[in-house]
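Just protein-v9.cif here, mmCIF, C-alpha atoms:
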data_input
loop_
_atom_site.label_atom_id
_atom_site.label_comp_id
_atom_site.auth_asym_id
_atom_site.auth_seq_id
_atom_site.Cartn_x
_atom_site.Cartn_y
_atom_site.Cartn_z
CA MET R 29 0.00 0.00 0.00
CA ARG R 30 1.35 3.41 -0.91
CA THR R 31 1.40 5.59 2.14
CA CYS R 32 2.36 9.04 3.28
CA TRP R 33 3.59 9.44 6.85
CA THR R 34 2.43 12.61 8.54
CA CYS R 35 3.89 14.17 11.66
CA ILE R 36 1.97 16.88 13.48
CA GLU R 37 3.57 19.85 15.18
CA SER R 38 1.47 21.64 17.80
CA PRO R 39 1.88 23.45 21.13
CA PHE R 40 0.82 20.20 22.82
CA PHE R 41 3.24 17.96 20.91
CA PRO R 42 6.50 19.80 20.19
CA LEU R 43 8.07 18.54 17.00
CA LEU R 44 11.31 17.35 18.62
CA HIS R 45 9.37 15.10 20.99
CA CYS R 46 6.55 14.14 18.65
CA THR R 47 5.94 10.39 18.35
CA MET R 48 2.56 10.64 16.74
CA GLY R 49 2.24 9.36 13.25
CA VAL R 50 -0.43 8.01 10.94
CA ALA R 51 -0.03 6.10 7.71
CA TYR R 52 -2.46 7.27 5.04
CA SER R 53 -3.32 5.70 1.75
CA VAL R 54 -2.84 7.85 -1.31
CA GLY R 55 -6.55 8.48 -1.51
CA GLU R 56 -6.78 9.48 2.13
CA VAL R 57 -4.03 12.07 1.84
CA ASP R 58 -6.29 14.27 -0.29
CA HIS R 59 -8.99 14.16 2.37
CA LEU R 60 -6.40 15.00 5.03
CA TYR R 61 -5.42 18.16 3.20
CA THR R 62 -9.09 19.10 2.73
CA PHE R 63 -9.59 18.65 6.48
CA PHE R 64 -6.67 20.97 7.27
CA VAL R 65 -8.09 23.68 4.99
CA GLN R 66 -11.56 23.48 6.52
CA TRP R 67 -10.47 23.10 10.15
CA SER R 68 -7.83 25.84 10.25
CA PRO R 69 -8.12 28.13 7.21
CA ASP R 70 -6.08 30.82 8.93
CA VAL R 71 -3.06 28.50 8.64
CA TYR R 72 -3.81 26.30 5.63
CA GLY R 73 -6.51 28.16 3.69
CA LYS R 74 -6.28 30.27 0.55
CA ASN R 75 -5.98 33.49 2.53
CA SER R 76 -3.55 32.25 5.17
CA LYS R 77 -0.63 34.53 5.86
CA GLU R 78 1.86 31.78 6.65
CA PRO R 79 0.66 28.39 5.34
CA GLY R 80 2.07 25.56 7.40
CA PHE R 81 3.91 22.86 5.49
CA ILE R 82 7.45 21.86 4.63
CA VAL R 83 8.68 18.64 3.03
CA VAL R 84 11.39 16.65 4.81
CA GLN R 85 13.92 15.07 2.47
CA LYS R 86 14.07 11.31 1.98
CA ASP R 87 17.46 11.00 3.67
CA GLU R 88 15.65 11.71 6.93
CA LEU R 89 13.40 8.67 6.59
CA ALA R 90 15.64 6.68 8.96
CA VAL R 91 14.21 8.70 11.83
CA ILE R 92 10.77 7.36 11.02
CA ASP R 93 11.84 3.80 10.24
CA ASN R 94 12.87 3.30 13.86
CA LEU R 95 9.26 3.79 14.91
CA PHE R 96 8.15 0.63 13.10
CA SER R 97 9.05 -2.97 13.83
CA ASP R 98 8.70 -4.07 10.22
CA PRO R 99 12.21 -3.98 8.71
CA SER R 100 10.94 -4.02 5.14
CA PRO R 101 11.80 -0.96 2.98
CA LYS R 102 9.42 1.95 3.26
CA ASN R 103 8.98 4.25 0.30
CA TRP R 104 7.39 7.17 2.11
CA GLU R 105 7.37 10.91 1.88
CA ILE R 106 7.32 12.76 5.19
CA LEU R 107 5.21 15.85 5.63
CA VAL R 108 5.92 17.96 8.72
CA MET R 109 3.66 20.89 9.49
CA ARG R 110 5.71 24.03 10.01
CA LYS R 111 5.42 27.59 8.83
CA MET R 112 6.45 28.38 5.29
CA PRO R 113 6.93 31.63 3.39
CA VAL R 114 3.84 33.63 2.54
CA ASN R 115 1.57 32.28 -0.22
CA ILE R 116 3.20 28.84 -0.33
CA ARG R 117 1.57 25.57 0.52
CA ILE R 118 1.76 21.86 -0.30
CA LEU R 119 -0.61 19.89 -2.48
CA TYR R 120 -0.51 16.10 -2.74
CA TYR R 121 -0.51 14.28 -6.04
CA ALA R 122 -0.85 10.59 -6.79
CA LYS R 123 -1.45 10.55 -10.54
CA HIS R 124 0.82 8.86 -13.06
CA CYS R 125 3.49 7.97 -10.52
CA ILE R 126 4.81 4.81 -8.92
CA GLU R 127 5.11 6.35 -5.47
CA PRO R 128 3.21 9.26 -3.92
CA TYR R 129 4.88 12.63 -3.93
CA VAL R 130 4.14 16.21 -3.01
CA GLU R 131 4.46 19.47 -4.87
CA ILE R 132 4.91 22.99 -3.57
CA VAL R 133 2.59 25.47 -5.25
CA THR R 134 1.66 29.08 -4.74
CA VAL R 135 -1.79 30.04 -3.52
CA ASN R 136 -2.69 31.37 -6.96
CA GLU R 137 -1.75 28.07 -8.56
CA ALA R 138 -3.65 26.20 -5.89
CA LYS R 139 -6.90 27.81 -6.98
CA ARG R 140 -6.84 25.48 -9.96
CA CYS R 141 -6.52 22.39 -7.80
CA GLN R 142 -8.32 22.88 -4.49
CA SER R 143 -8.79 19.15 -4.18
CA ILE R 144 -6.88 16.24 -5.66
CA CYS R 145 -8.47 13.36 -7.54
CA ASN R 146 -7.35 9.76 -7.19
CA SER R 147 -8.20 9.03 -10.82
CA GLU R 148 -8.64 11.03 -13.97
CA ASP R 149 -12.34 10.25 -14.03
CA GLU R 150 -13.05 11.91 -10.68
CA GLU R 151 -14.16 15.50 -10.43
CA PRO R 152 -12.34 17.79 -7.94
CA GLU R 153 -13.97 17.94 -4.54
CA ASP R 154 -15.89 21.07 -3.65
CA LEU R 155 -14.41 22.68 -0.56
CA LEU R 156 -17.40 24.93 0.00
CA PRO R 157 -19.23 24.56 3.33
CA VAL R 158 -22.17 22.19 3.35
CA LEU R 159 -25.58 23.85 3.61
CA ILE R 160 -28.03 21.46 5.25
CA ASP R 161 -30.97 23.55 4.07
CA HIS R 162 -31.69 25.35 0.82
CA SER R 163 -30.96 29.08 0.70
CA GLU R 164 -33.10 31.48 -1.26
CA LEU R 165 -30.42 34.17 -0.98
CA LEU R 166 -26.94 32.67 -0.97
CA GLU R 167 -25.31 31.75 -4.24
CA GLU R 168 -22.11 29.75 -4.50
CA ALA R 169 -20.03 32.91 -4.93
CA HIS R 170 -21.53 34.40 -1.77
CA ILE R 171 -20.80 31.26 0.25
CA GLN R 172 -17.23 31.03 -0.99
CA ARG R 173 -16.40 34.63 -0.16
CA LEU R 174 -18.08 34.58 3.24
CA ALA R 175 -16.51 31.27 4.28
CA ASN R 176 -13.05 32.81 3.97
CA TYR R 177 -13.89 35.35 6.68
CA LEU R 178 -15.66 33.16 9.22
CA PRO R 179 -13.71 32.36 12.40
CA ALA R 180 -11.96 29.02 12.72
CA ARG R 181 -14.46 27.68 15.25
CA THR R 182 -17.13 27.55 12.54
CA GLN R 183 -14.98 25.62 10.08
CA GLY R 184 -15.94 22.05 9.37
CA TYR R 185 -19.50 22.50 10.59
CA PRO R 186 -22.45 22.47 8.20
CA TRP R 187 -24.55 25.60 7.85
CA ARG R 188 -28.09 25.20 9.18
CA LEU R 189 -30.97 27.55 8.48
CA VAL R 190 -32.50 28.64 11.79
CA TYR R 191 -34.70 31.44 10.50
CA SER R 192 -36.03 32.52 7.12
CA THR R 193 -38.72 35.03 6.25
CA ALA R 194 -39.74 32.71 3.40
CA VAL R 195 -40.34 29.86 5.86
CA HIS R 196 -41.17 31.48 9.20
CA GLY R 197 -42.75 34.76 8.17
CA THR R 198 -41.62 38.29 8.97
CA SER R 199 -41.31 38.57 12.72
CA LEU R 200 -38.36 39.53 14.89
CA LYS R 201 -40.08 37.78 17.78
CA THR R 202 -40.03 34.50 15.86
CA LEU R 203 -36.38 35.05 14.98
CA TYR R 204 -35.54 35.40 18.69
CA ARG R 205 -37.65 32.37 19.59
CA ASN R 206 -35.91 30.17 17.02
CA MET R 207 -32.56 31.04 18.60
CA ALA R 208 -33.60 30.75 22.25
CA HIS R 209 -31.68 27.52 22.79
CA LEU R 210 -29.00 28.05 20.16
CA ASP R 211 -25.34 27.96 21.17
CA SER R 212 -23.63 28.96 17.94
CA PRO R 213 -22.49 32.07 16.12
CA VAL R 214 -24.91 33.14 13.41
CA LEU R 215 -24.75 34.59 9.91
CA LEU R 216 -27.42 37.12 8.97
CA VAL R 217 -28.18 37.43 5.25
CA ILE R 218 -30.47 40.14 3.83
CA LYS R 219 -31.66 40.85 0.32
CA ASP R 220 -33.35 44.21 -0.16
CA MET R 221 -35.83 45.33 -2.80
CA ASP R 222 -32.92 46.43 -5.00
CA ASN R 223 -31.71 42.79 -4.99
CA GLN R 224 -28.59 43.73 -3.05
CA VAL R 225 -27.22 41.13 -0.61
CA PHE R 226 -25.59 42.16 2.67
CA GLY R 227 -25.69 41.32 6.36
CA ALA R 228 -23.60 40.47 9.39
CA PHE R 229 -21.82 37.72 11.28
CA SER R 230 -22.52 37.67 15.01
CA SER R 231 -20.36 35.83 17.51
CA HIS R 232 -23.53 35.02 19.49
CA PRO R 233 -27.12 34.21 18.52
CA PHE R 234 -29.58 37.10 18.51
CA ARG R 235 -31.57 37.62 21.71
CA VAL R 236 -33.29 40.37 23.67
CA THR R 237 -30.95 42.01 26.18
CA ASN R 238 -30.57 45.20 28.19
CA TYR R 239 -26.98 45.59 27.04
CA CYS R 240 -24.75 45.12 24.02
CA TYR R 241 -23.12 41.73 23.63
CA GLY R 242 -20.74 39.96 21.26
CA THR R 243 -17.01 39.79 20.58
CA GLY R 244 -14.54 41.10 18.03
CA GLU R 245 -15.36 38.16 15.75
CA THR R 246 -18.53 40.03 14.80
CA PHE R 247 -18.44 41.82 11.45
CA LEU R 248 -20.64 43.42 8.81
CA TYR R 249 -20.42 42.61 5.11
CA SER R 250 -21.94 43.66 1.82
CA PHE R 251 -22.06 42.48 -1.78
CA SER R 252 -23.44 45.86 -2.81
CA PRO R 253 -22.03 46.25 -5.39
CA GLU R 254 -18.79 44.36 -4.61
CA PHE R 255 -17.85 42.19 -1.66
CA LYS R 256 -16.56 44.06 1.40
CA VAL R 257 -16.11 43.02 5.01
CA PHE R 258 -16.11 45.52 7.89
CA ARG R 259 -14.42 44.12 10.97
CA TRP R 260 -14.35 45.46 14.50
CA SER R 261 -12.55 48.79 14.69
CA GLY R 262 -11.80 48.50 18.41
CA LYS R 263 -13.34 51.89 19.09
CA ASN R 264 -16.30 50.53 21.08
CA SER R 265 -18.00 47.23 21.83
CA TYR R 266 -21.52 47.93 20.57
CA PHE R 267 -21.56 44.69 18.59
CA VAL R 268 -25.17 43.51 18.94
CA ARG R 269 -28.20 44.53 20.92
CA GLY R 270 -31.60 42.96 20.66
CA HIS R 271 -34.73 44.88 21.59
CA ALA R 272 -38.25 43.50 21.49
CA ASP R 273 -39.04 45.88 18.64
CA SER R 274 -35.69 46.10 16.83
CA LEU R 275 -32.29 44.52 16.26
CA GLN R 276 -29.18 46.67 15.99
CA MET R 277 -25.56 45.91 15.16
CA GLY R 278 -22.76 48.42 15.62
CA GLY R 279 -23.20 51.90 16.98
CA GLY R 280 -21.69 55.13 18.17
CA GLY R 281 -23.04 58.65 18.01
CA GLY R 282 -26.59 57.37 17.58
CA LEU R 283 -25.76 55.70 14.25
CA PHE R 284 -26.22 51.97 13.67
CA GLY R 285 -24.21 49.85 11.26
CA LEU R 286 -27.31 47.74 10.71
CA TRP R 287 -30.81 48.15 12.14
CA LEU R 288 -33.99 46.11 11.57
CA ASP R 289 -37.53 46.72 12.79
CA ALA R 290 -39.89 44.34 14.60
CA GLU R 291 -41.50 43.10 11.37
CA LEU R 292 -38.14 42.57 9.63
CA CYS R 293 -39.56 44.68 6.85
CA HIS R 294 -37.69 47.97 7.14
CA GLY R 295 -34.06 48.56 7.98
CA CYS R 296 -31.27 51.06 7.74
CA SER R 297 -27.49 50.98 7.50
CA LEU R 298 -25.18 53.86 8.38
CA ALA R 299 -21.47 54.30 8.98
CA CYS R 300 -20.74 53.53 12.64
CA ASP R 301 -17.77 53.61 14.99
CA THR R 302 -17.90 49.92 15.88
CA PHE R 303 -16.99 48.73 12.39
CA HIS R 304 -15.95 51.89 10.54
CA ASN R 305 -18.21 50.60 7.80
CA GLN R 306 -19.76 52.09 4.75
CA PRO R 307 -23.57 51.77 4.45
CA LEU R 308 -24.23 48.15 3.55
CA SER R 309 -27.08 48.83 1.15
CA ALA R 310 -27.27 51.18 -1.82
CA LYS R 311 -29.89 53.14 0.13
CA GLN R 312 -29.42 53.94 3.80
CA ASP R 313 -33.07 53.14 4.44
CA PHE R 314 -34.03 49.89 2.75
CA ILE R 315 -36.95 47.49 2.50
CA VAL R 316 -36.25 43.82 3.19
CA GLN R 317 -37.16 41.43 0.41
CA ASP R 318 -35.95 38.28 2.19
CA LEU R 319 -33.88 37.51 5.26
CA GLU R 320 -32.13 34.37 6.50
CA VAL R 321 -30.11 33.46 9.59
CA TRP R 322 -27.64 30.54 9.51
CA ALA R 323 -25.96 28.74 12.40
CA PHE R 324 -23.05 26.29 12.55
CA TRP R 325 -23.25 22.88 14.21
#

Before anything else, please render the file you have as structure tokens.
Amino acid sequence: MRTCWTCIESPFFPLLHCTMGVAYSVGEVDHLYTFFVQWSPDVYGKNSKEPGFIVVQKDELAVIDNLFSDPSPKNWEILVMRKMPVNIRILYYAKHCIEPYVEIVTVNEAKRCQSICNSEDEEPEDLLPVLIDHSELLEEAHIQRLANYLPARTQGYPWRLVYSTAVHGTSLKTLYRNMAHLDSPVLLVIKDMDNQVFGAFSSHPFRVTNYCYGTGETFLYSFSPEFKVFRWSGKNSYFVRGHADSLQMGGGGGLFGLWLDAELCHGCSLACDTFHNQPLSAKQDFIVQDLEVWAFW
């Protein structure tokens, strides 16, 4: 069986003392790489600043051979996870070769081969998140762009629709009720009457409170007209506040980054201190066409 031996470096298992190893078949190696991308995109993803792989040369295989009792020859490549220069990462290939091997590619080149096939007849795997439910608002391009900005703790989890105006009607009260027992960050997606898509990611589910809540993971975004993300500015912590008759995100000086009324029919978006954002919609005051909220578990 062709295998690739993988050694993991982490704060819990320093590389010099690491005795953990797993033998993977050629087909499994591709799934391993896909897992790394989905689980920790900040290190292994397309937008990672310092992707984390280097290839150890074959003359170092003796170090690994001592870990196995079988004295038979082992034709393995060793992959050790360490930091590499910016925009470099490893992809695994097993086509048209006697033994498995790896190739270093740039992030731009990697866009053409996000997943690796075990045969020429197979189609490349789609690394997009899995949506358990159908979305009336999110297209593939939206999902791909948004997934790159979600925090690592959401990676690997399917997206589940917890509220939709098309399914549950237009009621902020119902939105709160559907999230009463939810323990997950949420993604708010809005389409207005001008067919513009925008919204917010909240580190906590929406609920009625007497205070602002949330963390710096919270951000606003807009596809109107091009994709932009507005992260926490650090100026204040007015991330989210839920009232019985409105939902607001961001604030400062009486201006909200995003505000919705009790019927989830009317809203507004203004520049605010929390996110230093531009208005998310083409019009500051907008009418909601459809609205969805997604959670991750």

Where does the PyMOL selection byres ((chain R and resi 224-238) around 8) land in this file, that is, which residues does it pick, as a ChimeraX atom specification? /R:165,178,203-204,207-208,210-223,239-253,267-272,286,308-310

Counting only C-alpha atoms, the residue of R:Asp289, R:Asp318, R:Gly279, R:Val195 that sits nearest Asp301 (chain R):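 Between R:Asp289, R:Asp318, R:Gly279, R:Val195, the residue approaching Asp301 (chain R) most closely is R:Gly279.
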
Applied to the shown file, which residues does the PyMOL selection byres ((chain R and resi 198) around 8) return, written as a ChimeraX atom specification? /R:193,196-197,199-200,291-293

Would you translate the PyMOL selection byres ((chain R and resi 284) around 10) into the concrete set of residues it matches in this file, as a list in words?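 Written out, the selection comes to Tyr266, Phe267, Leu275, Gln276, Met277, Gly278, Gly279, Gly280, Gly281, Gly282, Leu283, Gly285, Leu286, Trp287, Leu288, Cys296, Ser297, Leu298, Ala299, Cys300, Asp301, Thr302, Phe303 and Pro307 of chain R.
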
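As for CA of His304 (chain R) and CA of Lys263 (chain R), they are spaced 8.9 Å apart.
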
With only C-alpha atoms as the atoms that count, which of R:Ala290, R:Ile315, R:Leu156, R:Val321 lies nearest to Leu189 (chain R)?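 Among R:Ala290, R:Ile315, R:Leu156, R:Val321, it is R:Val321 that comes nearest to Leu189 (chain R).
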
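At a cut-off of 8 Å from (-12.7, 41.3, 7.2), the residue set is R:Tyr177, R:Phe247, R:Lys256, R:Val257, R:Phe258, R:Arg259 (counting all atoms listed in the file).
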
Go ahead and compute the interatomic distance for CA of Phe255 (chain R) and CA of Ala194 (chain R), in Å to one decimal.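 Between CA of Phe255 (chain R) and CA of Ala194 (chain R) the gap is 24.4 Å.
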
Residue rebuild result region 228-239 of chain R, all heavy atoms as a compact mmCIF listing (two decimals), keeping the file's coordinate frame:
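Listed below is the output, out_27.txt:
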# COMPACT_ATOMS: atom_id res chain seq x y z
N ALA R 228 -24.53 40.42 8.27
CA ALA R 228 -23.60 40.47 9.39
C ALA R 228 -23.32 39.07 9.90
O ALA R 228 -24.15 38.16 9.76
CB ALA R 228 -24.16 41.33 10.51
N PHE R 229 -22.16 38.92 10.52
CA PHE R 229 -21.82 37.72 11.28
C PHE R 229 -21.79 38.13 12.75
O PHE R 229 -21.13 39.11 13.11
CB PHE R 229 -20.47 37.16 10.86
CG PHE R 229 -20.01 36.00 11.71
CD1 PHE R 229 -20.42 34.71 11.43
CD2 PHE R 229 -19.18 36.21 12.80
CE1 PHE R 229 -20.01 33.65 12.24
CE2 PHE R 229 -18.76 35.16 13.60
CZ PHE R 229 -19.17 33.88 13.31
N SER R 230 -22.49 37.38 13.58
CA SER R 230 -22.52 37.67 15.01
C SER R 230 -21.89 36.52 15.78
O SER R 230 -22.20 35.34 15.53
CB SER R 230 -23.96 37.87 15.50
OG SER R 230 -24.01 38.00 16.91
N SER R 231 -21.03 36.85 16.72
CA SER R 231 -20.36 35.83 17.51
C SER R 231 -21.33 35.07 18.42
O SER R 231 -21.00 34.00 18.93
CB SER R 231 -19.25 36.45 18.36
OG SER R 231 -19.78 37.44 19.24
N HIS R 232 -22.52 35.64 18.64
CA HIS R 232 -23.53 35.02 19.49
C HIS R 232 -24.89 35.09 18.79
O HIS R 232 -25.14 35.99 17.98
CB HIS R 232 -23.62 35.74 20.84
CG HIS R 232 -22.38 35.61 21.68
ND1 HIS R 232 -21.22 36.29 21.40
CD2 HIS R 232 -22.14 34.86 22.78
CE1 HIS R 232 -20.30 35.98 22.30
NE2 HIS R 232 -20.82 35.11 23.14
N PRO R 233 -25.78 34.15 19.11
CA PRO R 233 -27.12 34.21 18.52
C PRO R 233 -27.87 35.46 18.99
O PRO R 233 -27.59 36.01 20.06
CB PRO R 233 -27.79 32.93 19.04
CG PRO R 233 -27.01 32.54 20.25
CD PRO R 233 -25.61 32.99 20.01
N PHE R 234 -28.81 35.90 18.19
CA PHE R 234 -29.58 37.10 18.51
C PHE R 234 -30.57 36.82 19.64
O PHE R 234 -31.26 35.79 19.64
CB PHE R 234 -30.32 37.60 17.27
CG PHE R 234 -29.40 37.94 16.13
CD1 PHE R 234 -29.64 37.41 14.85
CD2 PHE R 234 -28.31 38.76 16.30
CE1 PHE R 234 -28.80 37.73 13.79
CE2 PHE R 234 -27.47 39.08 15.25
CZ PHE R 234 -27.71 38.56 13.99
N ARG R 235 -30.65 37.74 20.58
CA ARG R 235 -31.57 37.62 21.71
C ARG R 235 -31.87 39.01 22.27
O ARG R 235 -31.14 39.96 22.01
CB ARG R 235 -30.97 36.74 22.80
CG ARG R 235 -29.66 37.26 23.38
CD ARG R 235 -29.07 36.31 24.41
NE ARG R 235 -27.88 36.85 25.05
CZ ARG R 235 -26.65 36.67 24.61
NH1 ARG R 235 -26.44 35.98 23.50
NH2 ARG R 235 -25.62 37.18 25.27
N VAL R 236 -32.93 39.11 23.03
CA VAL R 236 -33.29 40.37 23.67
C VAL R 236 -32.44 40.56 24.92
O VAL R 236 -32.36 39.67 25.77
CB VAL R 236 -34.78 40.40 24.04
CG1 VAL R 236 -35.13 41.70 24.76
CG2 VAL R 236 -35.65 40.23 22.79
N THR R 237 -31.79 41.72 25.02
CA THR R 237 -30.95 42.01 26.18
C THR R 237 -31.08 43.49 26.55
O THR R 237 -31.57 44.30 25.75
CB THR R 237 -29.46 41.72 25.89
OG1 THR R 237 -29.03 42.55 24.81
CG2 THR R 237 -29.24 40.26 25.55
N ASN R 238 -30.61 43.81 27.74
CA ASN R 238 -30.57 45.20 28.19
C ASN R 238 -29.20 45.83 27.97
O ASN R 238 -28.93 46.92 28.47
CB ASN R 238 -30.95 45.28 29.67
CG ASN R 238 -32.38 44.87 29.93
OD1 ASN R 238 -33.27 45.19 29.14
ND2 ASN R 238 -32.61 44.15 31.02
N TYR R 239 -28.36 45.13 27.25
CA TYR R 239 -26.98 45.59 27.04
C TYR R 239 -26.48 45.06 25.69
O TYR R 239 -27.08 44.17 25.09
CB TYR R 239 -26.08 45.07 28.17
CG TYR R 239 -26.20 43.57 28.37
CD1 TYR R 239 -25.44 42.67 27.62
CD2 TYR R 239 -27.10 43.06 29.31
CE1 TYR R 239 -25.57 41.31 27.80
CE2 TYR R 239 -27.24 41.69 29.48
CZ TYR R 239 -26.46 40.81 28.73
OH TYR R 239 -26.61 39.47 28.90
